[in-house]
Amino acid sequence: MRKDRGLTADRLSEMCSINATYLRQIEGGVKVPSLPVFIDICNALKISPDYLLQEELAENEISMIREIEAIWKTASPSKQALAFAMIKAVLEYEEP
């Protein structure tokens with residue numbers, strides 16, 4: 001993704017305030033970044049964390065997220081609003 005964005009390892013490491021060698025180790029799978037560094041990388045690349053985590057998430061989680069996304073994109077704005085309200089109500093419901 002870094003290369004797709006036209007960024008060198010040096011430039012991305014500067015944007016994330018980390019050492020370029022450390023960034024290359026993260027890219028190569030040798031090192032695992034801390035959560036703050038991971039977030040900085042996502043922000044610098046302007047991508048969502050799930051994009052970078054695709055290979056680490058269980059397939060059922062990924063497929064469910066993709067299915068929800070596909071349904072959401074094809075829904076009208078009024079149906080999106082209704083779905084959002086329903087999801088919010090379910091999540092806010094306090095079970096006795």
# chains A, B, ... in the order shown; residues from 1 in each chain; ligands from 1
$ select_by_dssp --residues "chain A" --states "helix (DSSP H, G or I)" --output "PyMOL selection string"
chain A and resi 9-15+20-27+35-45+49-53+59-74+77-92
$ residues_around --residues "range 82-88 of chain A" --least-positions-apart "6" --cutoff "12 Å" --atoms "only C-alpha atoms" --output "PDB file with N, CA, C and O atoms, in the first residue's frame"
ATOM      1  N   ILE A  68     -22.109  -7.268   4.770  1.00  0.00           N
ATOM      2  CA  ILE A  68     -22.813  -6.100   5.314  1.00  0.00           C
ATOM      3  C   ILE A  68     -22.511  -4.869   4.475  1.00  0.00           C
ATOM      4  O   ILE A  68     -23.408  -4.081   4.158  1.00  0.00           O
ATOM      5  N   ILE A  71     -24.453  -5.036   1.175  1.00  0.00           N
ATOM      6  CA  ILE A  71     -25.876  -4.739   1.404  1.00  0.00           C
ATOM      7  C   ILE A  71     -26.058  -3.245   1.643  1.00  0.00           C
ATOM      8  O   ILE A  71     -26.972  -2.622   1.108  1.00  0.00           O
ATOM      9  N   TRP A  72     -25.179  -2.675   2.451  1.00  0.00           N
ATOM     10  CA  TRP A  72     -25.268  -1.250   2.788  1.00  0.00           C
ATOM     11  C   TRP A  72     -25.158  -0.383   1.532  1.00  0.00           C
ATOM     12  O   TRP A  72     -25.916   0.551   1.352  1.00  0.00           O
ATOM     13  N   ALA A  75     -28.340  -0.314  -0.519  1.00  0.00           N
ATOM     14  CA  ALA A  75     -29.562   0.172   0.143  1.00  0.00           C
ATOM     15  C   ALA A  75     -29.759   1.658  -0.125  1.00  0.00           C
ATOM     16  O   ALA A  75     -28.806   2.421  -0.266  1.00  0.00           O
ATOM     17  N   SER A  76     -31.012   2.054  -0.171  1.00  0.00           N
ATOM     18  CA  SER A  76     -31.340   3.472  -0.336  1.00  0.00           C
ATOM     19  C   SER A  76     -30.978   4.214   0.948  1.00  0.00           C
ATOM     20  O   SER A  76     -30.852   3.599   2.009  1.00  0.00           O
ATOM     21  N   GLU A  94     -30.686  -2.979  26.972  1.00  0.00           N
ATOM     22  CA  GLU A  94     -30.173  -3.583  28.187  1.00  0.00           C
ATOM     23  C   GLU A  94     -30.996  -4.829  28.500  1.00  0.00           C
ATOM     24  O   GLU A  94     -32.184  -4.735  28.761  1.00  0.00           O
TER      25      GLU A  94
END
$ residues_around --residues "Thr8 in chain A" --least-positions-apart "6" --cutoff "10 Å" --atoms "only C-alpha atoms" --output "ChimeraX atom specification"
/A:2,14,20
$ residues_around --residues "Arg24 in chain A" --least-positions-apart "2" --cutoff "12 Å" --atoms "only C-alpha atoms" --output "MDAnalysis selection string"
chainID A and resid 2 8:13 18:22 26:33
$ write_last_selection --atoms "N, CA, C and O atoms" --output "mmCIF file, in the first residue's frame"
data_model
loop_
_atom_site.group_PDB
_atom_site.id
_atom_site.type_symbol
_atom_site.label_atom_id
_atom_site.label_comp_id
_atom_site.auth_asym_id
_atom_site.auth_seq_id
_atom_site.Cartn_x
_atom_site.Cartn_y
_atom_site.Cartn_z
ATOM 1 N N ARG A 2 1.984 1.185 0.720
ATOM 2 C CA ARG A 2 2.889 2.341 0.767
ATOM 3 C C ARG A 2 3.356 2.706 -0.632
ATOM 4 O O ARG A 2 3.313 3.881 -1.030
ATOM 5 N N THR A 8 7.986 6.477 -0.117
ATOM 6 C CA THR A 8 9.159 5.677 0.215
ATOM 7 C C THR A 8 9.038 5.253 1.670
ATOM 8 O O THR A 8 8.271 5.844 2.445
ATOM 9 N N ALA A 9 9.817 4.247 2.046
ATOM 10 C CA ALA A 9 9.828 3.817 3.452
ATOM 11 C C ALA A 9 10.324 4.961 4.331
ATOM 12 O O ALA A 9 9.811 5.171 5.437
ATOM 13 N N ASP A 10 11.284 5.718 3.823
ATOM 14 C CA ASP A 10 11.797 6.850 4.599
ATOM 15 C C ASP A 10 10.706 7.892 4.851
ATOM 16 O O ASP A 10 10.555 8.384 5.966
ATOM 17 N N ARG A 11 9.952 8.205 3.807
ATOM 18 C CA ARG A 11 8.903 9.224 3.944
ATOM 19 C C ARG A 11 7.795 8.756 4.881
ATOM 20 O O ARG A 11 7.357 9.504 5.750
ATOM 21 N N LEU A 12 7.337 7.510 4.722
ATOM 22 C CA LEU A 12 6.276 7.003 5.588
ATOM 23 C C LEU A 12 6.753 6.924 7.033
ATOM 24 O O LEU A 12 6.007 7.272 7.951
ATOM 25 N N SER A 13 7.980 6.501 7.228
ATOM 26 C CA SER A 13 8.499 6.431 8.597
ATOM 27 C C SER A 13 8.557 7.820 9.222
ATOM 28 O O SER A 13 8.245 7.986 10.408
ATOM 29 N N ILE A 18 8.655 7.125 13.165
ATOM 30 C CA ILE A 18 9.365 5.893 13.506
ATOM 31 C C ILE A 18 10.580 5.761 12.605
ATOM 32 O O ILE A 18 10.691 6.450 11.595
ATOM 33 N N ASN A 19 11.474 4.860 12.951
ATOM 34 C CA ASN A 19 12.681 4.605 12.191
ATOM 35 C C ASN A 19 12.339 3.841 10.913
ATOM 36 O O ASN A 19 11.503 2.935 10.930
ATOM 37 N N ALA A 20 12.963 4.169 9.791
ATOM 38 C CA ALA A 20 12.689 3.514 8.510
ATOM 39 C C ALA A 20 13.021 2.018 8.561
ATOM 40 O O ALA A 20 12.320 1.201 7.957
ATOM 41 N N THR A 21 14.067 1.656 9.296
ATOM 42 C CA THR A 21 14.411 0.237 9.436
ATOM 43 C C THR A 21 13.283 -0.507 10.151
ATOM 44 O O THR A 21 12.901 -1.617 9.752
ATOM 45 N N TYR A 22 12.736 0.106 11.189
ATOM 46 C CA TYR A 22 11.616 -0.490 11.921
ATOM 47 C C TYR A 22 10.410 -0.649 10.998
ATOM 48 O O TYR A 22 9.757 -1.694 10.993
ATOM 49 N N ILE A 26 8.399 -4.060 9.957
ATOM 50 C CA ILE A 26 6.941 -4.224 10.063
ATOM 51 C C ILE A 26 6.393 -4.724 8.732
ATOM 52 O O ILE A 26 5.632 -5.686 8.677
ATOM 53 N N GLU A 27 6.818 -4.081 7.652
ATOM 54 C CA GLU A 27 6.352 -4.475 6.323
ATOM 55 C C GLU A 27 6.741 -5.919 5.996
ATOM 56 O O GLU A 27 5.977 -6.632 5.344
ATOM 57 N N GLY A 28 7.902 -6.345 6.451
ATOM 58 C CA GLY A 28 8.382 -7.691 6.172
ATOM 59 C C GLY A 28 7.835 -8.751 7.123
ATOM 60 O O GLY A 28 8.128 -9.928 6.975
ATOM 61 N N GLY A 29 7.062 -8.313 8.118
ATOM 62 C CA GLY A 29 6.482 -9.259 9.063
ATOM 63 C C GLY A 29 7.422 -9.699 10.163
ATOM 64 O O GLY A 29 7.128 -10.613 10.927
ATOM 65 N N VAL A 30 8.579 -9.032 10.243
ATOM 66 C CA VAL A 30 9.556 -9.365 11.275
ATOM 67 C C VAL A 30 9.140 -8.776 12.618
ATOM 68 O O VAL A 30 9.316 -9.401 13.663
ATOM 69 N N LYS A 31 8.589 -7.596 12.587
ATOM 70 C CA LYS A 31 8.140 -6.894 13.800
ATOM 71 C C LYS A 31 6.640 -6.630 13.716
ATOM 72 O O LYS A 31 6.079 -6.484 12.630
ATOM 73 N N VAL A 32 6.014 -6.550 14.884
ATOM 74 C CA VAL A 32 4.597 -6.198 14.983
ATOM 75 C C VAL A 32 4.534 -4.821 15.637
ATOM 76 O O VAL A 32 5.090 -4.627 16.728
ATOM 77 N N PRO A 33 3.878 -3.863 14.986
ATOM 78 C CA PRO A 33 3.842 -2.513 15.551
ATOM 79 C C PRO A 33 2.923 -2.439 16.770
ATOM 80 O O PRO A 33 1.982 -3.217 16.912
#
$ atom_distance --atom1 "CA of Leu52 in chain A" --atom2 "CA of Ile39 in chain A"
10.7 Å
$ atom_distance --atom1 "CA of Met15 in chain A" --atom2 "CA of Pro49 in chain A"
16.9 Å
$ closest_residue --among "A:Val37, A:Met1, A:Leu91, A:Ala81" --to "Tyr51 in chain A" --atoms "only C-alpha atoms"
A:Met1
$ closest_residue --among "A:Leu7, A:Val90, A:Ala70, A:Cys16" --to "Ser34 in chain A" --atoms "only C-alpha atoms"
A:Cys16
